[in-house]
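Student: So that we are looking at the same thing, I have put the structure below in structure tokens.
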Amino acid sequence: MKKITLVFIAFIALINFTACSDDDGFTFTAKPDPEGIAFTNSTLETYNLTASNSANIAERFVWNAANFNVQTPVNYEVQGSSVETFESFSVIGVGTQTNQAVTVANMLALAKEVGLDNDPTTAEPNTGSVYFRVRAYVGADAGNVVEQLSEVLTISVTLPEEAEENLDLPKLFVVGNFLSLGGYGSDWTPADAVPLAASAEGNTDYEGFVFINSATPEFKFLPTNEAFDGDYGDTGADNGTFSGTIEQEGEVNAGTPDGTGGYYLVNVDTNALTYDLTETSWGVIGNATPTGWDSDTDMVYDSKTKIWSVTLDLTEQEAPNNGIKFRANDAWEINFGDTDADGSLEFNTDQNIGVPADGNYTITLDLSNPRQYKYSISKN
């Protein structure tokens with residue numbers, strides 16, 4: 001009788017255990033977020049895209065977190081397309097964060113699919129639209145995915161035409177005994193003179209960077225690069241004098257402030273009859289560099305290419321508040337930033353230049369085209 005009782009108790013316990021196990025076997029069911037998913041960042045009226053700036057961040061898209069009512073991470077996929085219907089698209093990035101950096105290169109690729117180019121001699125337009133959306137999803141395979149798509153975000157892009165990138169500003173030319181050693185051509189030859197540019201048509205405020213590579217510099221300013229007619233020189237008594245003022249009659253050859261050579265920012269005003277030279281050496285500074293905002297990393301000038309360059313490790317930083325800037329003479333009096341991430345530099349702006357990802361980069365600074373200063377950041 002005792003054995004029968006024990007067997008009966010064991011049987012009842014097994015039934016109870018099974019019942020409890022069945023009660024615990026619940027599952028979560030993923031459902032789309034009724035609030036939806038949408039981009040929350042503001043965008044520019046248009047994005048100027050240049051190949052020289054392809055590694056830079058054009059925009060960082062931000063969106064709200066989606067809630068699928070499941071206890072598992074939500075994945076996000078930013079998609080870009082050349083057509084608003086997204087019949088075809090490319091995946092810009094995938095992750096669990098609610099933001100994604102989109103580079104100039106990403107937008108350029110879509111712009112070329114649209115048929116845009118920057119050649120003024122072709123019939124193709126240089127301005128158009130590209131499209132982005134974000135996909136939120138849970139699940140690991142096509143048969144078990146619950147997803148939700150944002151509305152399509154339309155972005156206007158412009159590929160600046162070559163004619164726009166080489167504006168025909170009024171010019172003044174520097175000719176002298178430095179042209180050969182500076183890598184420009186033959187000394188005192190007007191055709192090889194170095195151009196300075198005014199800020200606009202009708203203005204007389206000429207500016208440019210000149211490598212005056214001479215131990216005892218002497219030079220003049222020419223209205224054209226064809227002859228010496230109408231040339232400007234210094235008002236002093238001896239050749240190589242620097243007085244800061246110029247004249248066209250009875251002048252002598254101008255010189256540098258300290259009588260030696262270097263890489264100079266040259267400013268001339270032919271209305272005020274003044275000129276000034278500031279010697280410069282260039283470096284990169286910023287929280288993307290190994291030394292942060294504490295000190296510059298020096299760049300090296302190549303007189304053959306007319307370009308400053310440096311290779312160094314950078315960390316990912318997002319403009320405009322972070323990244324890098326170019327500055328002269330380890331000081332802030334002369335510095336360059338990029339206000340619209342188009343590869344063109346602006347004097348003394350508070351806009352930094354972003355770095356898209358950690359890595360080793362070659363950075364170049366091209367000051368050879370007056371008032372149209374360029375840079376590039378290329379990952380090695």
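Chain labels run A, B, ... following the order of the structure tokens; each chain numbers its residues from 1, and ligands are numbered from 1 in the order shown.
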What lies within 7 Å of Asn126 in chain A using only C-alpha atoms, ignoring chain neighbours under 4 positions off, as a list of chain:residue names?
Tutor: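 The residues satisfying every condition are A:Leu116, A:Asp117, A:Asn118, A:Thr158, A:Leu159, A:Pro160, A:Glu161.
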Student: Those same residues, written as an mmCIF file, in the first residue's frame with N, CA, C and O atoms?
Tutor:
```cif
data_model
loop_
_atom_site.group_PDB
_atom_site.id
_atom_site.type_symbol
_atom_site.label_atom_id
_atom_site.label_comp_id
_atom_site.auth_asym_id
_atom_site.auth_seq_id
_atom_site.Cartn_x
_atom_site.Cartn_y
_atom_site.Cartn_z
ATOM 1 N N LEU A 116 24.380 63.891 -62.463
ATOM 2 C CA LEU A 116 24.949 65.218 -62.283
ATOM 3 C C LEU A 116 26.441 65.202 -62.577
ATOM 4 O O LEU A 116 27.119 64.192 -62.364
ATOM 5 N N ASP A 117 26.971 66.314 -63.067
ATOM 6 C CA ASP A 117 28.420 66.477 -63.171
ATOM 7 C C ASP A 117 28.767 67.951 -63.021
ATOM 8 O O ASP A 117 27.887 68.816 -62.996
ATOM 9 N N ASN A 118 30.053 68.242 -62.892
ATOM 10 C CA ASN A 118 30.481 69.628 -62.710
ATOM 11 C C ASN A 118 31.192 70.181 -63.935
ATOM 12 O O ASN A 118 31.914 71.167 -63.848
ATOM 13 N N THR A 158 24.705 70.022 -55.002
ATOM 14 C CA THR A 158 25.295 70.785 -56.096
ATOM 15 C C THR A 158 26.741 70.362 -56.277
ATOM 16 O O THR A 158 27.497 70.272 -55.307
ATOM 17 N N LEU A 159 27.122 70.074 -57.509
ATOM 18 C CA LEU A 159 28.506 69.829 -57.862
ATOM 19 C C LEU A 159 29.029 71.107 -58.508
ATOM 20 O O LEU A 159 28.712 71.395 -59.663
ATOM 21 N N PRO A 160 29.779 71.942 -57.748
ATOM 22 C CA PRO A 160 30.220 73.231 -58.293
ATOM 23 C C PRO A 160 30.948 73.034 -59.623
ATOM 24 O O PRO A 160 31.866 72.232 -59.727
ATOM 25 N N GLU A 161 30.496 73.757 -60.628
ATOM 26 C CA GLU A 161 31.115 73.633 -61.941
ATOM 27 C C GLU A 161 32.538 74.163 -61.918
ATOM 28 O O GLU A 161 32.882 75.029 -61.114
#
```
Student: Residues of range 88-269 of chain A classed as strand (DSSP E) by DSSP on the backbone are to be reported as a VMD selection string.
Tutor: chain A and resid 90 to 95 99 to 103 127 to 138 146 to 149 153 to 158 171 to 176 194 to 197 205 to 212 219 to 222 233 to 234 246 to 247 262 to 269
Student: For each of A:Asp313, A:Asp296, A:Glu279, A:Glu218, take the minimum atom-to-atom distance to Asp238 in chain A, counting only C-alpha atoms, then give the residue where this is smallest.
Tutor: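 For Asp238 in chain A, the nearest of the given residues is A:Glu218.
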Student: Could you pull out the residues in range 119-326 of chain A that DSSP calls helix (DSSP H, G or I) from the backbone, as a PyMOL selection string?
Tutor: chain A and resi 142-144+162-165+190-192
Student: I want to know what sits within 7 Å of Gln79 in chain A, based on only C-alpha atoms, with residues of the same chain fewer than 4 positions away left out; could you give that as a list in words?
Tutor: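 Counting only C-alpha atoms, the residues come to Phe89, Ser90, Val91, Ile92, Phe132, Arg133 and Val134 of chain A.
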Student: With only C-alpha atoms as the counted atoms, please give the residues lying no more than 9 Å from Ile57 in chain A, apart from itself and same-chain residues fewer than 6 positions off, as a list of chain:residue names.
Tutor: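 That gives A:Ala101, A:Val102, A:Thr103, A:Val104, A:Ala105, A:Glu318, A:Ala319, A:Ala341, A:Ile353, A:Gly354, A:Val355, A:Pro356.
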Student: When you draw a straight line from CA of Thr98 in chain A to CA of Trp63 in chain A, how long is it in Å?
Tutor: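 Interatomic distance, CA of Thr98 in chain A to CA of Trp63 in chain A: 5.6 Å.
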Student: Find the distance between CA of Thr270 in chain A and CA of Asp205 in chain A and write it in Å to one decimal.
Tutor: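 Taking CA of Thr270 in chain A and CA of Asp205 in chain A, their separation equals 7.2 Å.
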Student: Neighbouring residues of Glu226 in chain A were defined as those with any atom within 10 Å, considering only C-alpha atoms; residues of the same chain fewer than 6 positions away were excluded. Please report them as a PyMOL selection string.
Tutor: chain A and resi 173+189-193
Student: With N, CA, C and O atoms kept, could you save the residues just selected as a tab-separated table (two decimals), in the first residue's frame?
Tutor:
```tsv
chain	number	residue	atom	x	y	z
A	173	PHE	N	50.08	91.09	-60.29
A	173	PHE	CA	51.11	90.05	-60.40
A	173	PHE	C	52.41	90.49	-59.74
A	173	PHE	O	52.82	91.66	-59.85
A	189	THR	N	60.48	87.76	-65.11
A	189	THR	CA	59.74	87.46	-66.34
A	189	THR	C	58.25	87.62	-66.06
A	189	THR	O	57.67	86.85	-65.30
A	190	PRO	N	57.59	88.63	-66.67
A	190	PRO	CA	56.16	88.88	-66.38
A	190	PRO	C	55.27	87.65	-66.59
A	190	PRO	O	54.33	87.44	-65.81
A	191	ALA	N	55.55	86.84	-67.60
A	191	ALA	CA	54.70	85.67	-67.87
A	191	ALA	C	54.74	84.66	-66.74
A	191	ALA	O	53.82	83.85	-66.59
A	192	ASP	N	55.81	84.68	-65.93
A	192	ASP	CA	55.95	83.74	-64.81
A	192	ASP	C	55.60	84.38	-63.47
A	192	ASP	O	55.78	83.75	-62.42
A	193	ALA	N	55.12	85.60	-63.48
A	193	ALA	CA	54.81	86.31	-62.25
A	193	ALA	C	53.69	85.60	-61.48
A	193	ALA	O	52.83	84.93	-62.06
```
Student: Would you list the contacts of range 257-262 of chain A as a PyMOL selection string, taking every protein, DNA or RNA residue within 6 Å and counting only C-alpha atoms, but skipping same-chain residues closer than 6 positions in sequence?
Tutor: chain A and resi 211-216+242
Student: Give me the residues within 8 Å of Thr297 in chain A as number ranges by chain, counting only C-alpha atoms and dropping any in the same chain fewer than 6 places off.
Tutor: A: 283-285, 289, 291
Student: What does the distance from CA of Glu77 in chain A to CA of Ser150 in chain A come to in Å, to one decimal?
Tutor: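 Distance reported for this atom pair: 10.6 Å.
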Student: Could you check which of A:Ser88, A:Thr224, A:Asn56, A:Ser303 is closest to Pro320 in chain A, using only C-alpha atoms?
Tutor: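 For Pro320 in chain A, the nearest of the candidates is A:Asn56.
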Student: Using only C-alpha atoms, can you tell me which of A:Lys306, A:Lys171, A:Arg135, A:Lys220 comes closest to Glu207 in chain A?
Tutor: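 Closest candidate: A:Lys171.
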Student: Using only C-alpha atoms, which residue out of A:Thr46, A:Ala200, A:Asn271, A:Asp276 lies closest to Ser243 in chain A?
Tutor: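 Among the listed residues, A:Asp276 lies closest to Ser243 in chain A.
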